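What's in model-v6.csv: CSV, C-alpha atoms and all ligand atoms
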```csv
chain,number,residue,atom,x,y,z
C,282,MET,CA,113.7,92.7,157.3
C,283,SER,CA,111.4,90.2,155.6
C,284,ILE,CA,111.7,89.7,151.9
C,285,THR,CA,108.1,91.1,151.5
C,286,SER,CA,109.0,94.4,153.1
C,287,PHE,CA,112.4,94.5,151.3
C,288,ILE,CA,110.5,94.2,148.0
C,289,ALA,CA,107.9,96.8,149.0
C,290,ASN,CA,110.6,99.2,149.9
C,291,ASN,CA,112.8,98.6,146.9
C,292,ILE,CA,110.8,97.4,143.9
C,293,ALA,CA,110.6,99.9,140.9
C,294,LYS,CA,107.3,101.8,141.4
C,295,HIS,CA,106.0,101.0,137.9
C,296,VAL,CA,106.6,97.3,138.5
C,297,LYS,CA,104.9,97.1,141.9
C,298,ASP,CA,101.3,96.6,140.7
C,299,LEU,CA,102.1,94.6,137.6
C,300,VAL,CA,101.1,90.9,137.5
C,301,PRO,CA,103.2,88.1,135.9
C,302,TYR,CA,101.9,87.1,132.4
C,303,ALA,CA,99.5,84.1,132.6
C,304,SER,CA,100.2,82.3,129.4
C,305,ALA,CA,97.3,80.5,127.6
C,306,ARG,CA,98.8,77.2,128.5
C,307,ARG,CA,99.6,77.9,132.1
C,308,LEU,CA,95.9,79.0,132.7
C,309,PHE,CA,94.8,75.4,132.2
C,310,ALA,CA,97.9,73.4,133.1
C,311,ALA,CA,96.2,71.9,136.2
C,312,SER,CA,92.9,71.0,134.3
C,313,ALA,CA,94.9,69.3,131.5
C,314,GLN,CA,96.4,66.9,134.0
C,315,THR,CA,93.3,66.1,136.1
C,316,GLY,CA,90.9,63.3,135.2
C,317,SER,CA,89.9,59.9,136.6
C,318,GLU,CA,92.3,56.9,136.2
C,319,ASP,CA,90.4,55.6,133.2
C,320,ASP,CA,90.4,59.0,131.6
C,321,HIS,CA,93.1,58.8,129.0
C,322,SER,CA,91.8,61.7,126.9
C,323,VAL,CA,94.5,63.9,125.4
C,324,PRO,CA,94.0,67.6,126.1
C,325,ILE,CA,93.0,69.7,123.1
C,326,TRP,CA,94.6,73.1,123.0
C,327,LEU,CA,92.6,75.7,121.0
C,328,ASN,CA,93.4,78.7,123.1
C,329,ALA,CA,96.6,80.3,121.8
C,330,ASN,CA,96.1,80.5,118.1
C,331,GLU,CA,98.8,77.9,117.7
C,332,ALA,CA,99.1,75.5,114.7
C,333,PRO,CA,97.8,72.0,115.3
C,334,THR,CA,100.7,70.2,113.6
C,335,SER,CA,104.4,70.1,114.4
C,336,THR,CA,107.4,69.2,112.1
C,337,GLN,CA,110.7,67.5,112.5
C,338,TYR,CA,113.9,69.6,112.0
C,339,GLU,CA,117.6,68.7,111.8
C,340,LEU,CA,120.1,70.3,114.2
C,341,ASP,CA,123.7,70.9,113.4
C,342,THR,CA,125.4,70.9,116.8
C,343,SER,CA,129.0,71.4,115.4
C,344,LEU,CA,129.1,75.1,116.5
C,345,TYR,CA,127.2,74.9,119.7
C,346,ASN,CA,130.4,75.6,121.7
C,347,ARG,CA,130.4,79.1,120.1
C,348,TYR,CA,128.1,82.1,120.8
C,349,PRO,CA,125.6,82.5,118.0
C,350,ASP,CA,125.3,85.5,115.7
C,351,CYS,CA,123.0,88.3,117.0
C,352,GLN,CA,121.3,88.4,113.6
C,353,PRO,CA,122.2,85.2,111.8
C,354,ASP,CA,122.6,85.7,108.0
C,355,ALA,CA,120.8,82.5,107.0
C,356,VAL,CA,117.7,83.6,108.9
C,357,ILE,CA,117.8,87.3,107.9
C,358,ASN,CA,118.4,86.4,104.2
C,359,ALA,CA,115.7,83.8,104.1
C,360,TYR,CA,113.1,86.1,105.7
C,361,ALA,CA,114.0,89.0,103.5
C,362,GLN,CA,113.6,86.8,100.4
C,363,TYR,CA,110.3,85.4,101.7
C,364,ALA,CA,108.9,88.9,102.5
C,365,GLY,CA,110.4,90.6,99.4
C,366,VAL,CA,112.3,93.2,101.3
C,367,ASN,CA,116.0,94.0,101.6
C,368,LYS,CA,118.2,92.3,104.3
C,369,ASP,CA,118.9,95.6,106.1
C,370,GLN,CA,115.1,96.0,106.6
C,371,VAL,CA,114.8,92.8,108.7
C,372,LEU,CA,115.4,92.3,112.4
C,373,VAL,CA,115.0,88.9,113.9
C,374,SER,CA,114.0,88.5,117.6
C,375,ARG,CA,112.6,86.2,120.3
C,376,GLY,CA,109.1,86.2,118.8
C,377,ALA,CA,107.2,89.2,117.6
C,378,ASP,CA,106.7,89.9,121.3
C,379,GLU,CA,110.3,90.9,121.6
C,380,GLY,CA,109.9,93.1,118.5
C,381,ILE,CA,107.1,95.0,120.3
C,382,GLU,CA,109.3,95.5,123.4
C,383,LEU,CA,112.3,96.6,121.4
C,384,LEU,CA,110.2,99.2,119.6
C,385,ILE,CA,108.9,100.6,122.9
C,386,ARG,CA,112.4,100.6,124.5
C,387,ALA,CA,114.0,102.4,121.5
C,388,PHE,CA,111.3,104.9,120.7
C,389,CYS,CA,109.4,105.8,123.9
C,390,ASP,CA,110.8,107.8,126.8
C,391,PRO,CA,109.6,106.3,130.0
C,392,VAL,CA,107.0,108.3,132.0
C,393,THR,CA,106.5,111.0,129.3
C,394,ASP,CA,105.7,109.0,126.2
C,395,SER,CA,102.8,106.7,125.3
C,396,VAL,CA,101.8,104.0,122.9
C,397,LEU,CA,98.4,104.1,121.2
C,398,ILE,CA,96.4,100.9,121.1
C,399,CYS,CA,92.9,100.0,119.6
C,400,PRO,CA,91.1,97.5,121.8
C,401,PRO,CA,89.9,94.9,121.7
C,402,THR,CA,93.3,93.8,120.5
C,403,TYR,CA,96.4,91.8,121.3
C,404,GLY,CA,97.4,92.3,125.0
C,405,MET,CA,101.1,92.5,124.7
C,406,TYR,CA,101.3,96.1,123.4
C,407,ALA,CA,99.9,97.4,126.7
C,408,ILE,CA,101.7,94.9,128.9
C,409,SER,CA,105.1,95.7,127.3
C,410,ALA,CA,104.5,99.4,127.5
C,411,ARG,CA,103.6,99.1,131.2
C,412,THR,CA,106.8,97.1,132.0
C,413,CYS,CA,108.8,99.9,130.4
C,414,ASN,CA,106.9,102.6,132.4
C,415,VAL,CA,105.5,104.0,129.2
C,416,GLY,CA,101.9,105.3,129.0
C,417,VAL,CA,99.0,103.5,127.2
C,418,LYS,CA,96.4,105.4,125.3
C,419,SER,CA,93.3,103.5,124.1
C,420,VAL,CA,91.1,104.4,121.3
C,421,PRO,CA,88.6,101.5,120.9
C,422,LEU,CA,87.8,100.0,117.5
C,423,ILE,CA,84.4,101.1,116.1
C,424,ASN,CA,82.0,98.3,116.0
C,425,ASN,CA,78.6,99.5,114.8
C,426,ASP,CA,76.7,100.2,111.6
C,427,LEU,CA,79.6,102.3,110.5
C,428,GLY,CA,82.2,99.5,110.8
C,429,ASP,CA,83.1,96.0,111.8
C,430,PHE,CA,85.8,96.7,114.4
C,431,GLN,CA,87.4,99.4,112.3
C,432,LEU,CA,89.9,102.1,113.3
C,433,ASP,CA,88.4,105.2,114.9
C,434,VAL,CA,90.6,107.5,112.8
C,435,ALA,CA,89.2,110.8,114.2
C,436,ASN,CA,89.9,109.8,117.8
C,437,MET,CA,93.2,108.2,117.0
C,438,THR,CA,94.5,111.4,115.4
C,439,ALA,CA,93.1,113.5,118.2
C,440,ALA,CA,95.1,111.4,120.8
C,441,SER,CA,98.5,112.3,119.3
C,442,ALA,CA,100.1,114.1,122.2
C,443,ASN,CA,103.2,112.2,123.3
C,444,VAL,CA,102.3,109.2,121.3
C,445,LYS,CA,105.4,107.6,119.8
C,446,LEU,CA,104.1,104.2,118.6
C,447,VAL,CA,100.7,103.3,117.2
C,448,PHE,CA,99.9,99.6,117.2
C,449,ILE,CA,97.5,98.4,114.5
C,450,CYS,CA,96.9,94.6,114.5
C,451,ALA,CA,96.0,93.3,111.0
C,452,PRO,CA,94.4,90.8,111.1
C,453,ASN,CA,93.3,91.9,114.5
C,454,ASN,CA,93.5,89.3,117.4
C,455,PRO,CA,90.9,88.5,118.7
C,456,THR,CA,88.2,89.9,116.4
C,457,GLY,CA,89.7,88.4,113.2
C,458,THR,CA,88.8,91.6,111.3
C,459,LEU,CA,91.1,93.7,109.0
C,460,PRO,CA,91.3,97.5,109.5
C,461,SER,CA,90.6,99.3,106.2
C,462,ARG,CA,93.8,100.2,104.3
C,463,SER,CA,92.7,103.8,103.7
C,464,ASP,CA,92.2,104.3,107.5
C,465,ILE,CA,95.7,102.8,108.1
C,466,GLU,CA,97.2,105.2,105.6
C,467,ALA,CA,95.4,108.2,107.2
C,468,ILE,CA,96.9,107.3,110.5
C,469,ILE,CA,100.4,106.8,109.0
C,470,GLN,CA,100.1,110.2,107.3
C,471,HIS,CA,98.9,111.9,110.4
C,472,TYR,CA,101.8,110.5,112.5
C,473,ALA,CA,104.4,111.0,109.7
C,474,GLN,CA,106.6,113.3,111.9
C,475,THR,CA,105.8,112.1,115.4
C,476,ALA,CA,105.2,108.3,115.7
C,477,LEU,CA,105.9,105.0,114.2
C,478,VAL,CA,102.8,103.1,113.0
C,479,VAL,CA,103.4,99.4,113.8
C,480,ILE,CA,101.3,97.0,111.7
C,481,ASP,CA,101.2,93.6,113.5
C,482,GLU,CA,100.9,91.0,110.8
C,483,ALA,CA,101.3,87.9,113.0
C,484,TYR,CA,98.4,86.2,111.1
C,485,ILE,CA,99.2,87.6,107.6
C,486,GLU,CA,99.6,84.2,105.9
C,487,PHE,CA,96.0,83.4,106.6
C,488,THR,CA,94.8,86.3,104.5
C,489,ASP,CA,96.0,88.0,101.3
C,490,GLU,CA,96.1,91.6,102.3
C,491,PRO,CA,99.7,92.3,103.5
C,492,HIS,CA,100.7,95.9,104.2
C,493,LEU,CA,104.3,95.5,103.2
C,494,SER,CA,103.9,98.0,100.3
C,495,LEU,CA,103.3,100.7,102.9
C,496,LEU,CA,106.8,100.1,104.1
C,497,ALA,CA,108.2,101.3,100.8
C,498,GLN,CA,105.9,104.3,100.7
C,499,TYR,CA,106.1,105.7,104.3
C,500,PRO,CA,109.3,105.8,106.4
C,501,ASN,CA,107.3,105.7,109.7
C,502,VAL,CA,105.8,102.2,109.0
C,503,VAL,CA,107.0,99.1,110.8
C,504,VAL,CA,105.6,95.6,110.2
C,505,LEU,CA,105.7,92.7,112.7
C,506,ARG,CA,105.8,89.1,111.6
C,507,THR,CA,106.2,85.7,113.4
C,508,LEU,CA,107.0,82.1,112.8
C,509,SER,CA,104.5,81.2,115.7
C,510,LYS,CA,101.3,81.0,113.7
C,511,ALA,CA,101.3,79.9,110.0
C,512,PHE,CA,104.8,78.4,110.3
C,513,ALA,CA,103.7,76.2,113.3
C,514,LEU,CA,106.7,77.2,115.4
C,515,ALA,CA,105.2,79.0,118.5
C,516,GLY,CA,107.6,76.9,120.7
C,517,LEU,CA,110.6,78.3,118.7
C,518,ARG,CA,110.2,81.9,119.7
C,519,CYS,CA,111.1,83.6,116.5
C,520,GLY,CA,109.7,86.8,115.0
C,521,PHE,CA,110.6,89.6,112.7
C,522,THR,CA,110.4,93.4,112.6
C,523,LEU,CA,110.5,94.9,109.1
C,524,ALA,CA,111.3,98.6,108.7
C,525,GLN,CA,113.6,101.1,107.1
C,526,PRO,CA,117.3,100.3,107.7
C,527,ASP,CA,117.7,103.4,110.0
C,528,ILE,CA,114.9,102.1,112.3
C,529,ILE,CA,116.4,98.6,112.4
C,530,HIS,CA,119.7,100.2,113.3
C,531,GLU,CA,118.1,101.9,116.4
C,532,LEU,CA,116.5,98.6,117.4
C,533,LEU,CA,119.9,96.9,117.2
C,534,LYS,CA,121.1,99.3,120.0
C,535,VAL,CA,118.6,97.8,122.5
C,536,ILE,CA,118.4,94.1,121.5
C,537,ALA,CA,120.3,91.6,123.6
C,538,PRO,CA,123.6,90.4,122.2
C,539,TYR,CA,122.4,86.9,121.5
C,540,PRO,CA,118.6,87.0,121.2
C,541,LEU,CA,118.4,83.8,119.1
C,542,SER,CA,120.0,80.6,120.3
C,543,ALA,CA,121.8,78.5,117.6
C,544,PRO,CA,119.1,75.8,117.5
C,545,VAL,CA,116.5,78.5,117.0
C,546,ALA,CA,118.4,80.0,114.1
C,547,ASP,CA,119.0,76.5,112.5
C,548,ILE,CA,115.3,75.7,112.7
C,549,ALA,CA,114.1,79.1,111.5
C,550,ALA,CA,116.3,78.8,108.4
C,551,GLN,CA,114.9,75.4,107.6
C,552,ALA,CA,111.3,76.6,108.1
C,553,LEU,CA,112.0,79.4,105.6
C,554,SER,CA,113.6,77.1,103.0
C,555,ALA,CA,111.6,76.4,99.8
C,556,GLU,CA,110.5,73.1,101.3
C,557,GLY,CA,109.5,74.8,104.6
C,558,LEU,CA,107.5,77.5,102.7
C,559,LYS,CA,105.7,74.9,100.7
C,560,ARG,CA,104.7,73.0,103.8
C,561,MET,CA,103.6,76.2,105.5
C,562,HIS,CA,101.3,77.1,102.6
C,563,GLU,CA,99.8,73.6,102.6
C,564,GLN,CA,99.2,73.8,106.3
C,565,VAL,CA,97.6,77.2,106.0
C,566,ALA,CA,95.3,75.9,103.2
C,567,THR,CA,94.3,73.0,105.4
C,568,ILE,CA,93.5,75.2,108.4
C,569,LEU,CA,91.5,77.6,106.3
C,570,HIS,CA,89.5,74.8,104.8
C,571,GLU,CA,88.8,73.4,108.3
C,572,GLN,CA,87.9,76.9,109.5
C,573,VAL,CA,85.2,77.5,106.9
C,574,ALA,CA,83.5,74.2,107.9
C,575,LEU,CA,83.9,75.0,111.6
C,576,VAL,CA,82.4,78.5,111.2
C,577,ASP,CA,79.4,77.1,109.3
C,578,ASP,CA,78.7,74.5,112.0
C,579,LEU,CA,79.2,76.8,115.0
C,580,ALA,CA,76.9,79.4,113.6
C,581,ASN,CA,74.0,76.9,113.8
C,582,ILE,CA,74.5,75.7,117.3
C,583,GLY,CA,72.5,77.0,120.3
C,584,ASP,CA,72.6,80.8,120.8
C,585,ILE,CA,76.1,81.1,119.3
C,586,GLU,CA,76.6,84.4,117.5
C,587,LEU,CA,79.8,84.8,115.5
C,588,VAL,CA,81.6,88.1,116.2
C,589,GLY,CA,84.0,89.9,113.9
C,590,ALA,CA,85.5,88.0,111.0
C,591,GLN,CA,87.9,85.1,110.4
C,592,THR,CA,90.9,86.4,108.6
C,593,GLY,CA,93.3,84.7,111.0
C,594,ASN,CA,93.3,81.1,112.3
C,595,PHE,CA,90.7,81.7,115.0
C,596,ILE,CA,87.0,82.3,115.5
C,597,LEU,CA,85.3,84.6,118.0
C,598,PHE,CA,81.8,84.1,119.1
C,599,ARG,CA,79.3,85.2,121.7
C,600,THR,CA,77.0,83.2,124.0
C,601,ILE,CA,75.2,84.1,127.2
C,602,HIS,CA,76.3,80.6,128.4
C,603,LYS,CA,80.0,81.4,128.1
C,604,ASP,CA,81.0,80.5,131.6
C,605,ALA,CA,79.1,77.2,131.7
C,606,LEU,CA,80.4,76.4,128.2
C,607,MET,CA,84.0,77.1,129.2
C,608,GLN,CA,83.6,74.9,132.3
C,609,PHE,CA,82.1,72.1,130.3
C,610,LEU,CA,84.9,72.2,127.7
C,611,VAL,CA,87.6,72.4,130.4
C,612,HIS,CA,86.0,69.4,132.2
C,613,HIS,CA,86.5,67.5,128.9
C,614,LYS,CA,90.0,68.9,128.5
C,615,VAL,CA,89.3,71.1,125.5
C,616,PHE,CA,90.8,74.5,126.1
C,617,ILE,CA,89.6,77.7,124.3
C,618,ARG,CA,90.1,81.3,125.3
C,619,ASP,CA,87.8,83.6,127.3
C,620,GLN,CA,87.9,87.1,125.7
C,621,SER,CA,84.9,88.5,127.6
C,622,LYS,CA,87.0,90.9,129.7
C,623,GLN,CA,88.1,92.9,126.6
C,624,GLN,CA,86.2,96.0,125.7
C,625,GLN,CA,83.1,95.4,123.5
C,626,LEU,CA,83.5,91.6,123.9
C,627,GLN,CA,81.1,90.7,126.7
C,628,ASN,CA,80.3,87.0,126.6
C,629,CYS,CA,82.8,86.3,123.9
C,630,LEU,CA,85.0,83.2,123.6
C,631,ARG,CA,87.8,82.6,121.0
C,632,ILE,CA,88.6,79.3,119.4
C,633,SER,CA,91.8,78.6,117.5
C,634,THR,CA,91.1,76.4,114.5
C,635,GLY,CA,92.6,73.0,115.1
C,636,ASN,CA,93.0,69.9,113.0
C,637,ALA,CA,90.0,67.9,111.7
C,638,ALA,CA,89.8,65.6,114.7
C,639,GLU,CA,90.2,68.4,117.2
C,640,ASN,CA,87.5,70.5,115.5
C,641,ALA,CA,85.2,67.5,115.4
C,642,ARG,CA,85.6,66.8,119.1
C,643,LEU,CA,85.0,70.5,119.9
C,644,LEU,CA,81.8,70.6,117.8
C,645,GLU,CA,80.6,67.3,119.4
C,646,LEU,CA,81.1,68.8,122.9
C,647,ILE,CA,79.5,72.2,122.1
C,648,THR,CA,76.5,70.4,120.6
C,649,GLN,CA,76.3,68.2,123.6
C,650,PHE,CA,76.5,71.2,125.9
C,651,TYR,CA,73.5,72.9,124.2
C,652,GLN,CA,71.5,69.7,124.2
C,653,ILE,CA,72.0,69.6,128.0
C,654,GLN,CA,71.0,73.3,128.3
C,655,GLU,CA,67.8,72.7,126.3
C,656,ALA,CA,66.9,69.6,128.3
C,657,THR,CA,67.4,71.3,131.6
C,658,ALA,CA,65.5,74.4,130.5
C,659,LEU,CA,62.4,72.3,129.8
M,1,LIG,C1,98.6,89.7,117.1
M,1,LIG,C2,99.8,89.0,117.7
M,1,LIG,N1,101.0,89.6,117.6
M,1,LIG,C3,102.1,89.0,118.2
M,1,LIG,C4,101.9,87.8,118.8
M,1,LIG,C5,103.2,87.1,119.4
M,1,LIG,O1,103.9,86.5,118.5
M,1,LIG,P1,105.2,85.7,118.9
M,1,LIG,O2,104.8,84.3,119.3
M,1,LIG,O3,106.1,85.8,117.7
M,1,LIG,O4,105.8,86.5,120.0
M,1,LIG,C6,100.7,87.1,118.9
M,1,LIG,C7,100.6,85.9,119.6
M,1,LIG,O5,99.5,85.4,119.9
M,1,LIG,C8,99.6,87.8,118.3
M,1,LIG,O6,98.4,87.3,118.4
```
Full structure transcribed into structure tokens:
Amino acid sequence: MSITSFIANNIAKHVKDLVPYASARRLFAASAQTGSEDDHSVPIWLNANEAPTSTQYELDTSLYNRYPDCQPDAVINAYAQYAGVNKDQVLVSRGADEGIELLIRAFCDPVTDSVLICPPTYGMYAISARTCNVGVKSVPLINNDLGDFQLDVANMTAASANVKLVFICAPNNPTGTLPSRSDIEAIIQHYAQTALVVIDEAYIEFTDEPHLSLLAQYPNVVVLRTLSKAFALAGLRCGFTLAQPDIIHELLKVIAPYPLSAPVADIAAQALSAEGLKRMHEQVATILHEQVALVDDLANIGDIELVGAQTGNFILFRTIHKDALMQFLVHHKVFIRDQSKQQQLQNCLRISTGNAAENARLLELITQFYQIQEATAL
């Protein structure tokens, strides 16, 4: 029997039609390496909402012969202090992505239960649900005169049957908008007895509207956080789930015994020290400063129309030239993200705000692109 027929006969049914995740970096790995011999340009990565700067950390290797703690005290204590919650309300995991998966595995029965998502939004909620054979119900955000990518509360409450987790992304990736607090509360109250409402705050440090106070008010609220964005540690894979201690206890039943390697724990604790927090706040201020300038400039180029808002570290815009513009940027090794396949985002591209030099290069190229468009249209 060939391996192809072996797999066709034996693979789990719900896995058969899934496709491996194409990370933002892998999508352009080949283009980043190509170029003529005299092309020494460094690729500019503005496609995964990563931070533009990286920091040096110290590693203490003295205990690397031992297995690490599942939930290292130094990391849990530091994050609890940073977030202003109790230690028993914090779970640390391999990125917020693992938090999403743990919630699905602990709270959804495969086949019968569903998660509720509000597209356009972060893709991993649906991907993770599908890998666990859990259903995905979609209630799109409302984007019209009534709201700028706001929650459709009426349809979200109407969709309750078998929903065990409701994912609300705030700030929402990729629209950069914030759902209204009263809508979030209405959803939390509606689902009080039947579902956890998971507020994904991966970008919270770029705005000043955290929802942590809801955690104290409502037992069915969960907040997701990460070190990947404002803390500039996407490569570390470290995220946090904040919830009532009883919910954290359930998640601990399904987490791997050693989710965090010892070096990850060492670095996370340093990133959350007083010095690390100071650096993070400075970097966030710099990115937001850059972002305001970038938004102003972009809005005045060609047919670019800004879409949504900029409460994260990224900018979404629409252009009818999106394919040609992407191609032009890729040719010059500047990588941004195509979001046009998402509901309501036809012709939309997303830029992660980089450092001053990266943003300047991006603007220079986009301006050049539209000059060429205009010249060829004559
Ligand atoms: C909204 C949102 N949540 C979660 C994540 C994943 O975070 P992590 O890198 O901690 O897994 C991302 C990453 O892009 C994101 O945009």
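For the residues C:Ala435, C:Ile449, C:Ala552, C:Cys519, ranking by smallest atom-to-atom distance to ligand LIG 1 (chain M) using only C-alpha atoms and all ligand atoms places C:Cys519 first.
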Within-8 Å residues of ligand LIG 1 (chain M), basis all atoms listed in the file, as a PyMOL selection string: chain C and resi 329-331+375-380+402-403+405+450-455+481-484+505-510+515+518-521
Close residues, Lys603 (chain C) itself excluded, 8 Å, only C-alpha atoms, min 4 positions apart in chain, as number ranges by chain: C: 599, 607, 628-630
Separation of CA of Ile485 (chain C) from CA of Ser395 (chain C) in Å: 26.3 Å
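Distances to Gln572 (chain C) were evaluated for C:Val502, C:Leu514, C:Leu626, C:Ala637 using only C-alpha atoms, and the minimum falls at C:Ala637.
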Neighbour list for Ser312 (chain C) as JSON, numbers by chain, cut-off 12 Å, all atoms listed in the file, skip fewer than 6 positions in-chain: {"C": [306, 322, 323, 324, 325, 326, 607, 608, 609, 610, 611, 612, 613, 614, 615, 616]}
Protein, DNA and RNA residues within 8 Å of (110.5, 104.8, 107.0), all atoms listed in the file, as an MDAnalysis selection string: chainID C and resid 496:503 524:525 527:528
Which residue of C:Ile529, C:Ala513, C:Leu495, C:Ala407 approaches Glu382 (chain C) most closely, using all atoms listed in the file: C:Ala407
Selection: 6 Å around Ser419 (chain C), all atoms listed in the file, excl. self and same-chain fewer than 6 positions, as a list in words: Leu397, Ile398 and Cys399 of chain C
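For the pair CA of Pro544 (chain C) and CA of Lys559 (chain C), the interatomic distance is 21.5 Å.
Near region 287-294 of chain C, within 12 Å and counting all atoms listed in the file, sit Val392, Arg411, Thr412, Cys413 and Asn414 of chain C, not including residues fewer than 6 positions from it in the same chain.
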Interatomic distance, CA of Leu344 (chain C) to CA of Thr522 (chain C) (Å, one decimal): 26.5 Å
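Every protein or nucleic acid residue with an atom no more than 7 Å from Ile596 (chain C), counting all atoms listed in the file and leaving out same-chain residues fewer than 4 positions away, appears here: Gln591, Arg631, Ile632 and Ser633 of chain C.
Here the question is which of C:Ala550, C:Ile568, C:Ala605, C:Glu466 gets nearest to Thr592 (chain C) using all atoms listed in the file, and that residue is C:Ile568.
The nearest approach to Pro400 (chain C) among the residues C:Gln624, C:Ser542, C:Gln652, C:Thr475, with all atoms listed in the file taken into account, belongs to C:Gln624.
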Protein and nucleic acid residues near (115.0, 85.0, 100.6) (cut-off 12 Å, all atoms listed in the file) as a list in words: Asp354, Ala355, Val356, Ile357, Asn358, Ala359, Tyr360, Ala361, Gln362, Tyr363, Ala364, Gly365, Val366, Asn367, Lys368, Val371, Ala550, Gln551, Ala552, Leu553, Ser554, Ala555 and Leu558 of chain C
Reconstruct region 344-355 of chain C at the level of N, CA and C atoms, and format the result as a PDB file, keeping the file's coordinate frame.
```
ATOM      1  N   LEU C 344     128.641  73.760 116.008  1.00  0.00           N
ATOM      2  CA  LEU C 344     129.100  75.100 116.500  1.00  0.00           C
ATOM      3  C   LEU C 344     128.477  75.496 117.782  1.00  0.00           C
ATOM      4  N   TYR C 345     127.871  74.546 118.496  1.00  0.00           N
ATOM      5  CA  TYR C 345     127.200  74.900 119.700  1.00  0.00           C
ATOM      6  C   TYR C 345     128.097  75.346 120.857  1.00  0.00           C
ATOM      7  N   ASN C 346     129.404  75.103 120.680  1.00  0.00           N
ATOM      8  CA  ASN C 346     130.400  75.600 121.700  1.00  0.00           C
ATOM      9  C   ASN C 346     130.615  77.097 121.520  1.00  0.00           C
ATOM     10  N   ARG C 347     130.128  77.686 120.399  1.00  0.00           N
ATOM     11  CA  ARG C 347     130.400  79.100 120.100  1.00  0.00           C
ATOM     12  C   ARG C 347     129.085  79.923 120.377  1.00  0.00           C
ATOM     13  N   TYR C 348     129.269  81.203 120.693  1.00  0.00           N
ATOM     14  CA  TYR C 348     128.100  82.100 120.800  1.00  0.00           C
ATOM     15  C   TYR C 348     127.512  82.247 119.370  1.00  0.00           C
ATOM     16  N   PRO C 349     126.199  82.355 119.291  1.00  0.00           N
ATOM     17  CA  PRO C 349     125.600  82.500 118.000  1.00  0.00           C
ATOM     18  C   PRO C 349     125.696  83.960 117.473  1.00  0.00           C
ATOM     19  N   ASP C 350     125.391  84.169 116.195  1.00  0.00           N
ATOM     20  CA  ASP C 350     125.300  85.500 115.700  1.00  0.00           C
ATOM     21  C   ASP C 350     124.074  86.215 116.292  1.00  0.00           C
ATOM     22  N   CYS C 351     124.173  87.534 116.479  1.00  0.00           N
ATOM     23  CA  CYS C 351     123.000  88.300 117.000  1.00  0.00           C
ATOM     24  C   CYS C 351     121.890  88.242 115.936  1.00  0.00           C
ATOM     25  N   GLN C 352     122.282  88.424 114.666  1.00  0.00           N
ATOM     26  CA  GLN C 352     121.300  88.400 113.600  1.00  0.00           C
ATOM     27  C   GLN C 352     121.812  87.450 112.510  1.00  0.00           C
ATOM     28  N   PRO C 353     121.543  86.153 112.681  1.00  0.00           N
ATOM     29  CA  PRO C 353     122.200  85.200 111.800  1.00  0.00           C
ATOM     30  C   PRO C 353     121.789  85.395 110.316  1.00  0.00           C
ATOM     31  N   ASP C 354     122.823  85.437 109.468  1.00  0.00           N
ATOM     32  CA  ASP C 354     122.600  85.700 108.000  1.00  0.00           C
ATOM     33  C   ASP C 354     121.602  84.793 107.387  1.00  0.00           C
ATOM     34  N   ALA C 355     121.714  83.493 107.717  1.00  0.00           N
ATOM     35  CA  ALA C 355     120.800  82.500 107.000  1.00  0.00           C
ATOM     36  C   ALA C 355     119.372  82.861 107.289  1.00  0.00           C
TER      37      ALA C 355
END
```
